[in-house]
>>> print(open('entry_27.cif').read())   # mmCIF, C-alpha atoms and all ligand atoms
data_entry
loop_
_atom_site.label_atom_id
_atom_site.label_comp_id
_atom_site.auth_asym_id
_atom_site.auth_seq_id
_atom_site.Cartn_x
_atom_site.Cartn_y
_atom_site.Cartn_z
CA MET I 29 0.00 0.00 0.00
CA PRO I 30 1.45 3.46 -0.85
CA LEU I 31 1.97 5.81 2.11
CA LEU I 32 -0.20 8.46 0.48
CA GLU I 33 -2.80 8.05 -2.20
CA ILE I 34 -4.60 11.18 -3.34
CA LYS I 35 -7.42 9.95 -5.54
CA ASN I 36 -9.45 12.21 -7.82
CA LEU I 37 -9.30 15.10 -5.37
CA LYS I 38 -11.61 18.01 -6.12
CA LEU I 39 -11.54 21.18 -4.06
CA ASP I 40 -13.57 24.35 -4.60
CA PHE I 41 -13.23 27.80 -3.11
CA ILE I 42 -16.64 29.25 -2.44
CA ALA I 43 -16.79 32.90 -3.51
CA GLY I 44 -20.28 34.28 -2.95
CA SER I 45 -22.57 32.19 -5.09
CA ARG I 46 -19.73 30.78 -7.20
CA ASN I 47 -17.80 27.58 -6.65
CA LEU I 48 -14.32 28.08 -8.04
CA ARG I 49 -12.53 24.79 -8.62
CA ALA I 50 -8.86 25.05 -7.56
CA VAL I 51 -7.98 21.34 -7.53
CA ASP I 52 -9.65 19.33 -10.25
CA ASP I 53 -9.45 15.55 -10.22
CA VAL I 54 -5.89 15.35 -8.94
CA SER I 55 -4.46 11.88 -8.25
CA ILE I 56 -0.96 11.50 -6.83
CA THR I 57 0.56 8.60 -4.92
CA ILE I 58 3.70 8.64 -2.81
CA ASP I 59 5.35 5.42 -1.71
CA SER I 60 7.19 5.13 1.50
CA GLY I 61 10.72 6.49 1.08
CA GLU I 62 9.81 8.12 -2.22
CA THR I 63 10.35 11.78 -3.16
CA VAL I 64 7.78 13.32 -5.45
CA CYS I 65 8.19 16.86 -6.76
CA LEU I 66 5.21 18.96 -7.69
CA VAL I 67 6.05 21.65 -10.22
CA GLY I 68 4.13 24.28 -12.15
CA GLU I 69 3.71 28.03 -12.40
CA SER I 70 2.27 30.21 -9.69
CA GLY I 71 -1.42 29.65 -9.04
CA CYS I 72 -1.63 26.13 -10.49
CA GLY I 73 -2.85 24.58 -7.24
CA LYS I 74 0.36 23.04 -5.86
CA SER I 75 0.06 24.44 -2.33
CA VAL I 76 -3.66 23.82 -2.06
CA THR I 77 -3.12 20.19 -3.09
CA ALA I 78 -0.28 19.76 -0.59
CA LEU I 79 -2.12 21.47 2.27
CA SER I 80 -5.13 19.25 1.66
CA ILE I 81 -3.14 16.21 2.82
CA ALA I 82 -3.52 17.37 6.43
CA ARG I 83 -6.76 19.25 5.72
CA LEU I 84 -4.98 22.55 6.24
CA VAL I 85 -6.84 24.60 3.64
CA PRO I 86 -9.20 26.86 5.58
CA SER I 87 -12.75 25.68 5.13
CA PRO I 88 -14.69 27.84 4.41
CA PRO I 89 -13.82 29.19 1.87
CA ALA I 90 -12.54 25.77 0.76
CA LYS I 91 -14.84 22.83 0.23
CA TYR I 92 -13.72 19.31 -0.55
CA VAL I 93 -16.17 18.22 -3.21
CA GLY I 94 -14.79 14.88 -4.28
CA GLY I 95 -12.10 12.27 -4.01
CA GLU I 96 -10.11 10.66 -1.26
CA ILE I 97 -6.81 11.31 0.50
CA LEU I 98 -5.66 7.95 1.82
CA LEU I 99 -2.86 8.12 4.34
CA ASN I 100 -1.77 4.60 5.26
CA GLY I 101 -5.08 3.52 3.72
CA LYS I 102 -7.24 5.83 5.85
CA ASP I 103 -9.18 8.70 4.27
CA VAL I 104 -8.11 12.03 5.81
CA LEU I 105 -11.27 13.65 4.44
CA LYS I 106 -13.37 11.32 6.60
CA MET I 107 -11.29 11.61 9.79
CA SER I 108 -12.54 13.23 12.99
CA LYS I 109 -11.02 16.54 14.10
CA ASN I 110 -8.93 14.71 16.71
CA GLU I 111 -7.56 12.26 14.18
CA VAL I 112 -6.66 15.10 11.82
CA ARG I 113 -4.92 16.96 14.64
CA ASP I 114 -2.80 13.89 15.32
CA ILE I 115 -1.58 13.59 11.75
CA ARG I 116 -0.76 17.32 11.47
CA GLY I 117 2.86 17.76 12.37
CA GLY I 118 2.85 14.07 13.30
CA VAL I 119 2.70 11.60 10.41
CA VAL I 120 2.77 14.57 8.03
CA SER I 121 5.06 17.54 8.70
CA TYR I 122 5.27 20.74 6.67
CA ILE I 123 8.05 23.18 5.99
CA PHE I 124 7.29 26.42 4.23
CA GLN I 125 9.14 29.09 2.32
CA ASP I 126 9.36 31.63 5.09
CA PRO I 127 10.93 30.49 8.38
CA SER I 128 9.80 33.66 10.13
CA ALA I 129 6.19 32.56 9.64
CA SER I 130 6.81 29.32 11.53
CA LEU I 131 9.33 30.39 14.17
CA ASN I 132 8.16 32.51 17.07
CA PRO I 133 10.52 35.51 17.46
CA VAL I 134 10.17 35.70 21.26
CA PHE I 135 11.18 32.12 22.10
CA ARG I 136 14.61 30.55 21.92
CA VAL I 137 14.92 28.04 19.07
CA GLY I 138 15.73 25.19 21.46
CA SER I 139 12.51 25.63 23.40
CA GLN I 140 10.49 25.81 20.18
CA ILE I 141 11.87 22.47 19.05
CA LYS I 142 11.19 21.07 22.51
CA GLU I 143 7.53 22.15 22.25
CA SER I 144 7.27 20.23 19.03
CA LEU I 145 8.75 17.17 20.75
CA LYS I 146 6.34 17.53 23.70
CA LEU I 147 3.42 17.40 21.31
CA HIS I 148 4.51 14.35 19.39
CA ARG I 149 7.17 12.44 21.33
CA PRO I 150 6.90 13.73 24.93
CA GLU I 151 9.35 11.15 26.27
CA LYS I 152 12.00 12.72 24.01
CA ALA I 153 11.45 16.36 25.00
CA THR I 154 14.99 16.81 26.31
CA ASP I 155 17.93 19.09 25.54
CA ALA I 156 19.85 16.06 24.31
CA GLU I 157 17.20 15.28 21.69
CA VAL I 158 16.99 18.95 20.63
CA ILE I 159 20.76 18.96 20.15
CA ARG I 160 20.61 15.70 18.22
CA LEU I 161 17.99 17.19 15.87
CA LEU I 162 20.01 20.37 15.37
CA LYS I 163 23.06 18.26 14.55
CA LEU I 164 20.99 16.20 12.14
CA VAL I 165 20.09 19.32 10.16
CA GLY I 166 23.72 20.49 10.12
CA ILE I 167 23.73 23.33 12.65
CA PRO I 168 27.26 23.82 13.94
CA ALA I 169 27.82 23.97 17.72
CA PRO I 170 24.19 23.12 18.52
CA GLU I 171 24.88 23.05 22.26
CA SER I 172 25.25 26.83 22.21
CA ARG I 173 22.77 27.58 19.42
CA ILE I 174 19.78 26.17 21.33
CA LYS I 175 19.77 29.38 23.36
CA ASP I 176 19.61 31.61 20.28
CA TYR I 177 16.53 33.55 19.33
CA PRO I 178 15.50 33.17 15.67
CA HIS I 179 16.76 36.68 14.76
CA GLN I 180 20.26 35.70 15.86
CA MET I 181 20.39 33.15 13.07
CA SER I 182 20.82 33.58 9.31
CA GLY I 183 17.95 32.72 6.96
CA GLY I 184 19.59 29.40 6.04
CA MET I 185 20.07 28.49 9.72
CA GLN I 186 16.45 29.43 10.51
CA GLN I 187 15.36 27.16 7.68
CA ARG I 188 17.40 24.34 9.23
CA VAL I 189 15.72 24.95 12.59
CA MET I 190 12.34 24.74 10.87
CA ILE I 191 13.34 21.45 9.32
CA ALA I 192 14.48 20.21 12.76
CA MET I 193 11.06 21.15 14.15
CA ALA I 194 9.36 19.32 11.32
CA LEU I 195 11.50 16.24 12.00
CA ALA I 196 10.78 16.25 15.73
CA SER I 197 7.70 14.08 15.22
CA GLU I 198 9.60 11.61 12.99
CA PRO I 199 7.10 12.17 10.18
CA LYS I 200 6.44 9.57 7.54
CA LEU I 201 5.86 12.33 5.01
CA LEU I 202 7.64 15.68 4.89
CA VAL I 203 5.88 18.26 2.74
CA ALA I 204 8.26 21.03 1.71
CA ASP I 205 6.47 23.90 -0.02
CA GLU I 206 9.06 26.05 -1.83
CA PRO I 207 11.44 25.59 1.09
CA THR I 208 14.32 27.43 -0.52
CA THR I 209 12.72 30.19 -2.54
CA ALA I 210 13.51 32.89 0.02
CA LEU I 211 17.17 31.89 0.28
CA ASP I 212 20.14 32.78 -1.86
CA VAL I 213 21.36 30.26 -4.40
CA THR I 214 24.23 28.73 -2.39
CA ILE I 215 22.05 28.23 0.66
CA GLN I 216 19.26 26.81 -1.53
CA ALA I 217 21.66 24.14 -2.73
CA GLN I 218 22.73 23.35 0.84
CA ILE I 219 19.14 22.96 2.05
CA LEU I 220 18.28 20.67 -0.86
CA GLU I 221 21.41 18.66 -0.13
CA LEU I 222 20.21 18.37 3.46
CA LEU I 223 16.77 17.15 2.39
CA LEU I 224 18.38 14.57 0.15
CA ASP I 225 20.60 13.40 2.98
CA LEU I 226 17.70 13.22 5.47
CA LYS I 227 15.65 11.26 3.02
CA LYS I 228 18.45 8.69 2.71
CA ARG I 229 19.09 8.49 6.44
CA MET I 230 15.53 8.54 7.72
CA GLY I 231 13.74 6.79 4.89
CA MET I 232 10.83 9.23 4.97
CA SER I 233 8.80 10.26 1.97
CA ILE I 234 9.02 13.82 0.69
CA LEU I 235 6.60 15.92 -1.31
CA LEU I 236 8.63 18.85 -2.58
CA ILE I 237 6.93 21.78 -4.26
CA THR I 238 8.99 24.04 -6.43
CA HIS I 239 8.80 26.37 -9.40
CA ASN I 240 12.29 25.36 -10.31
CA LEU I 241 12.69 22.43 -12.68
CA GLY I 242 16.44 23.01 -12.60
CA ILE I 243 16.82 21.46 -9.16
CA VAL I 244 14.43 18.54 -9.21
CA GLY I 245 16.59 16.03 -11.12
CA ASP I 246 18.87 15.59 -8.12
CA ILE I 247 16.23 14.91 -5.54
CA ALA I 248 13.00 13.64 -7.09
CA ASP I 249 12.09 10.05 -7.85
CA ARG I 250 8.96 11.16 -9.66
CA LEU I 251 7.61 14.46 -10.92
CA ALA I 252 4.06 15.69 -11.19
CA VAL I 253 3.45 18.79 -13.29
CA MET I 254 0.35 20.82 -12.44
CA TYR I 255 -1.42 23.31 -14.64
CA ALA I 256 -4.64 25.16 -13.80
CA GLY I 257 -5.69 22.79 -11.03
CA GLN I 258 -4.88 19.56 -12.87
CA VAL I 259 -1.96 17.18 -13.14
CA VAL I 260 -0.94 17.37 -16.80
CA GLU I 261 2.09 15.08 -16.68
CA MET I 262 3.50 12.61 -14.17
CA ALA I 263 6.51 10.36 -14.66
CA PRO I 264 9.78 9.10 -13.18
CA ALA I 265 11.89 12.26 -12.80
CA LEU I 266 14.72 11.45 -15.16
CA ASP I 267 12.41 10.19 -17.93
CA LEU I 268 10.36 13.34 -17.71
CA LEU I 269 13.38 15.64 -17.67
CA ARG I 270 15.05 13.84 -20.58
CA ARG I 271 11.93 13.64 -22.68
CA PRO I 272 8.98 15.76 -21.56
CA LEU I 273 5.78 14.83 -23.36
CA HIS I 274 3.23 17.51 -22.48
CA PRO I 275 3.66 20.85 -24.31
CA TYR I 276 3.33 22.63 -20.95
CA THR I 277 6.19 20.61 -19.45
CA LYS I 278 8.30 21.36 -22.52
CA ALA I 279 7.56 25.06 -22.17
CA LEU I 280 8.42 24.98 -18.46
CA MET I 281 11.71 23.30 -19.21
CA ASN I 282 12.57 25.90 -21.81
CA SER I 283 12.15 28.51 -19.13
CA VAL I 284 14.81 26.91 -16.89
CA PRO I 285 18.26 28.51 -16.97
CA LYS I 286 20.79 26.13 -18.51
CA LEU I 287 24.23 25.80 -17.02
CA ASN I 288 26.00 24.81 -20.23
CA GLY I 289 27.49 28.21 -20.78
CA THR I 290 25.58 29.07 -23.93
CA ALA I 291 24.05 32.49 -23.84
CA GLU I 292 20.64 31.17 -24.84
CA ARG I 293 17.82 33.45 -23.82
CA LEU I 294 15.21 32.10 -21.50
CA THR I 295 11.82 31.80 -23.02
CA ALA I 296 9.07 32.82 -20.70
CA ILE I 297 5.84 30.99 -21.50
CA PRO I 298 3.62 33.47 -23.33
CA GLY I 299 0.34 34.32 -21.63
CA ASN I 300 -0.76 33.56 -18.08
CA VAL I 301 -2.21 30.73 -16.04
CA PRO I 302 -5.99 31.23 -16.28
CA SER I 303 -7.56 32.43 -13.04
CA LEU I 304 -9.98 30.31 -11.05
CA GLY I 305 -13.41 30.22 -12.64
CA ASN I 306 -11.96 31.15 -16.04
CA PHE I 307 -10.55 27.83 -17.15
CA PRO I 308 -10.97 27.07 -20.86
CA ILE I 309 -13.57 24.37 -21.54
CA GLY I 310 -11.22 22.13 -23.52
CA CYS I 311 -7.54 21.68 -22.81
CA ARG I 312 -6.62 24.28 -20.21
CA PHE I 313 -3.25 24.91 -21.80
CA TYR I 314 -4.78 25.42 -25.26
CA PRO I 315 -4.62 29.25 -25.28
CA ARG I 316 -0.85 29.08 -24.65
CA CYS I 317 0.00 25.89 -26.52
CA PRO I 318 2.48 26.33 -29.39
CA SER I 319 0.63 23.61 -31.33
CA ALA I 320 -2.82 25.09 -30.85
CA ALA I 321 -3.18 26.26 -34.47
CA ALA I 322 -2.65 22.73 -35.79
CA HIS I 323 -5.22 21.24 -33.41
CA PRO I 324 -8.24 23.52 -33.09
CA GLU I 325 -10.30 20.62 -31.66
CA CYS I 326 -8.28 20.87 -28.43
CA ALA I 327 -10.16 24.08 -27.66
CA ASN I 328 -13.28 22.04 -26.98
CA THR I 329 -12.00 18.66 -25.85
CA MET I 330 -10.73 18.21 -22.33
CA PRO I 331 -8.02 15.52 -22.51
CA GLU I 332 -7.90 12.78 -19.86
CA LEU I 333 -4.74 11.96 -17.93
CA ILE I 334 -3.63 8.77 -19.70
CA GLU I 335 -0.78 6.32 -19.11
CA VAL I 336 0.82 6.64 -22.56
CA GLU I 337 3.88 4.54 -21.64
CA PRO I 338 4.55 2.50 -18.53
CA LYS I 339 4.59 4.93 -15.55
CA ARG I 340 4.20 7.95 -17.84
CA TRP I 341 0.93 9.82 -17.50
CA VAL I 342 0.04 12.70 -19.82
CA ARG I 343 -3.04 14.88 -20.29
CA CYS I 344 -2.69 15.77 -23.97
CA LEU I 345 -4.39 14.33 -27.04
CA TYR I 346 -1.28 14.76 -29.17
CA SER I 347 1.62 14.27 -26.78
CA LYS I 348 3.10 11.64 -29.09
CA ASP I 349 3.04 13.85 -32.16
CA LEU I 350 4.12 17.26 -30.89
N1 LIG I 401 -7.72 30.59 0.84
C1 LIG I 401 -7.99 30.80 -0.47
N2 LIG I 401 -9.14 31.38 -0.85
C2 LIG I 401 -9.42 31.55 -2.17
N3 LIG I 401 -8.62 31.16 -3.18
C3 LIG I 401 -7.45 30.59 -2.86
C4 LIG I 401 -7.07 30.37 -1.48
N4 LIG I 401 -5.85 29.75 -1.48
C5 LIG I 401 -5.52 29.60 -2.78
N5 LIG I 401 -6.46 30.10 -3.61
C6 LIG I 401 -6.43 30.08 -5.08
O1 LIG I 401 -6.26 28.73 -5.50
C7 LIG I 401 -5.42 28.69 -6.65
C8 LIG I 401 -4.25 27.76 -6.40
O2 LIG I 401 -3.43 28.34 -5.41
P1 LIG I 401 -2.10 27.67 -4.87
O3 LIG I 401 -1.67 28.49 -3.70
O4 LIG I 401 -2.33 26.23 -4.64
O5 LIG I 401 -1.10 27.88 -6.08
P2 LIG I 401 0.43 27.42 -6.18
O6 LIG I 401 0.52 26.50 -7.35
O7 LIG I 401 0.89 26.94 -4.87
O8 LIG I 401 1.14 28.80 -6.55
P3 LIG I 401 2.52 29.43 -6.03
O9 LIG I 401 3.57 28.81 -6.89
O10 LIG I 401 2.37 30.89 -6.28
O11 LIG I 401 2.69 29.11 -4.58
C9 LIG I 401 -4.99 30.12 -6.94
O12 LIG I 401 -5.82 30.64 -7.95
C10 LIG I 401 -5.23 30.83 -5.63
O13 LIG I 401 -5.54 32.18 -5.84
MG MG I 402 2.21 27.66 -3.45
#
>>> encode(input="entry_27.cif", output="structure tokens")
Amino acid sequence: MPLLEIKNLKLDFIAGSRNLRAVDDVSITIDSGETVCLVGESGCGKSVTALSIARLVPSPPAKYVGGEILLNGKDVLKMSKNEVRDIRGGVVSYIFQDPSASLNPVFRVGSQIKESLKLHRPEKATDAEVIRLLKLVGIPAPESRIKDYPHQMSGGMQQRVMIAMALASEPKLLVADEPTTALDVTIQAQILELLLDLKKRMGMSILLITHNLGIVGDIADRLAVMYAGQVVEMAPALDLLRRPLHPYTKALMNSVPKLNGTAERLTAIPGNVPSLGNFPIGCRFYPRCPSAAAHPECANTMPELIEVEPKRWVRCLYSKDL
């Protein structure tokens, strides 16, 4: 049984009398020990999908209108409030882009990690365990750093503390939503390196959300590409990066800086992600698709997500021909 099985998830935001669908029939599985990266432009529904796993999207305005989120076989959408509270920060831990949103400025970092331990592993709420966690995330001289306040640490160090807090519960699934976007490039690489190392040492599963296709090859086992609330392509990471099949994935990859020294210009994808409630009736990428002129029927036909090759899922009628 996979650790997580999101099946045909549908989530609406209720805006007055309108139901705006933000997640539309999304299915993603994550095996134990597996790292799945969710990529796509801003507003495609990556965070809402990820937050749904622990029912963290505020409801209202959100409403789960269909599907299942099976965590160890049990549907999170049918759990009681108490059961959901137990999985939050327990089986499933989150780290976000901005450490200052998760760390409390008036408490020392050591005591914040200890609080996290008290909640989930009270028998381990000791200085020794806090120091072990800080060591695990690569904080030098943790014995003295536990007394620091967050503002005494650099952004990269704060991010490491946040990861230590997320690890305090020994989660089965770590959800990292753009964990490095606010950091400079060198620190970004170090944090990703750390995640990779933790994954190997602790055997947990990771759902990593990022805009940046340039970094995912090193860490992801599988990639899911989202566009306008739907998964449009899903495949083993290296297969997808070597040979993307959906025109949206190809366009995203063309907008990644290449490190081969050629002065190629980056192509931004023309146009914008359609806003909620304004999705085209056919293929949602149609208005921006470079092959649209050759396939006018795509304007009216919504393609299904189909397994076109073993383990390769694509939502495009012509992925083989483009
Ligand atoms: N609480 C909310 N109320 C109403 N609409 C929301 C809410 N949260 C998200 N949305 C909308 O849902 C859609 C998906 O948002 P989401 O945050 O999942 O995008 P994303 O892919 O994570 O983007 P980004 O890369 O910018 O983080 C967007 O159109 C967003 O405006
Ligand atoms: Mg987001």
>>> atom_distance(input="entry_27.cif", atom1="CA of Ser70 in chain I", atom2="CA of Ile42 in chain I")
20.3 Å
>>> residues_near_ligand(input="entry_27.cif", ligand="ligand LIG 401 (chain I)", cutoff="6 Å", atoms="only C-alpha atoms and all ligand atoms", output="PDB file with C-alpha atoms, in the frame of the given file")
ATOM      1  CA  PHE I  41     -13.230  27.800  -3.110  1.00  0.00           C
ATOM      2  CA  ALA I  50      -8.860  25.050  -7.560  1.00  0.00           C
ATOM      3  CA  GLU I  69       3.710  28.030 -12.400  1.00  0.00           C
ATOM      4  CA  SER I  70       2.270  30.210  -9.690  1.00  0.00           C
ATOM      5  CA  GLY I  71      -1.420  29.650  -9.040  1.00  0.00           C
ATOM      6  CA  CYS I  72      -1.630  26.130 -10.490  1.00  0.00           C
ATOM      7  CA  GLY I  73      -2.850  24.580  -7.240  1.00  0.00           C
ATOM      8  CA  LYS I  74       0.360  23.040  -5.860  1.00  0.00           C
ATOM      9  CA  SER I  75       0.060  24.440  -2.330  1.00  0.00           C
ATOM     10  CA  VAL I  76      -3.660  23.820  -2.060  1.00  0.00           C
ATOM     11  CA  PRO I  89     -13.820  29.190   1.870  1.00  0.00           C
ATOM     12  CA  SER I 303      -7.560  32.430 -13.040  1.00  0.00           C
ATOM     13  CA  LEU I 304      -9.980  30.310 -11.050  1.00  0.00           C
TER      14      LEU I 304
END
>>> atom_distance(input="entry_27.cif", atom1="CA of Leu224 in chain I", atom2="CA of Asp249 in chain I")
11.1 Å
>>> closest_residue(input="entry_27.cif", among="I:Ala196, I:Leu273, I:Cys326, I:Thr209", to="ligand MG 402 (chain I)", atoms="all atoms listed in the file")
I:Thr209
>>> closest_residue(input="entry_27.cif", among="I:Asp205, I:Glu171, I:Asp40, I:Asp52", to="ligand MG 402 (chain I)", atoms="all atoms listed in the file")
I:Asp205
>>> closest_residue(input="entry_27.cif", among="I:Gln180, I:Thr154, I:Gln125, I:Ser347", to="Pro275 in chain I", atoms="all atoms listed in the file")
I:Ser347
>>> closest_residue(input="entry_27.cif", among="I:Leu66, I:Ala265, I:Leu202, I:Ile215", to="Lys227 in chain I", atoms="all atoms listed in the file")
I:Leu202
>>> atom_distance(input="entry_27.cif", atom1="CA of Asn36 in chain I", atom2="CA of Ala204 in chain I")
22.0 Å
>>> closest_residue(input="entry_27.cif", among="I:Leu84, I:Val64, I:Ile167, I:Ala90", to="Arg113 in chain I", atoms="all atoms listed in the file")
I:Leu84
>>> residues_around(input="entry_27.cif", residues="Arg83 in chain I", least_positions_apart="5", cutoff="8 Å", atoms="all atoms listed in the file", output="JSON, numbers by chain")
{"I": [104, 105, 112]}
>>> residues_near_point(input="entry_27.cif", point="(9.6, 15.7, -22.6)", cutoff="12 Å", atoms="all atoms listed in the file", output="count of residues only")
31
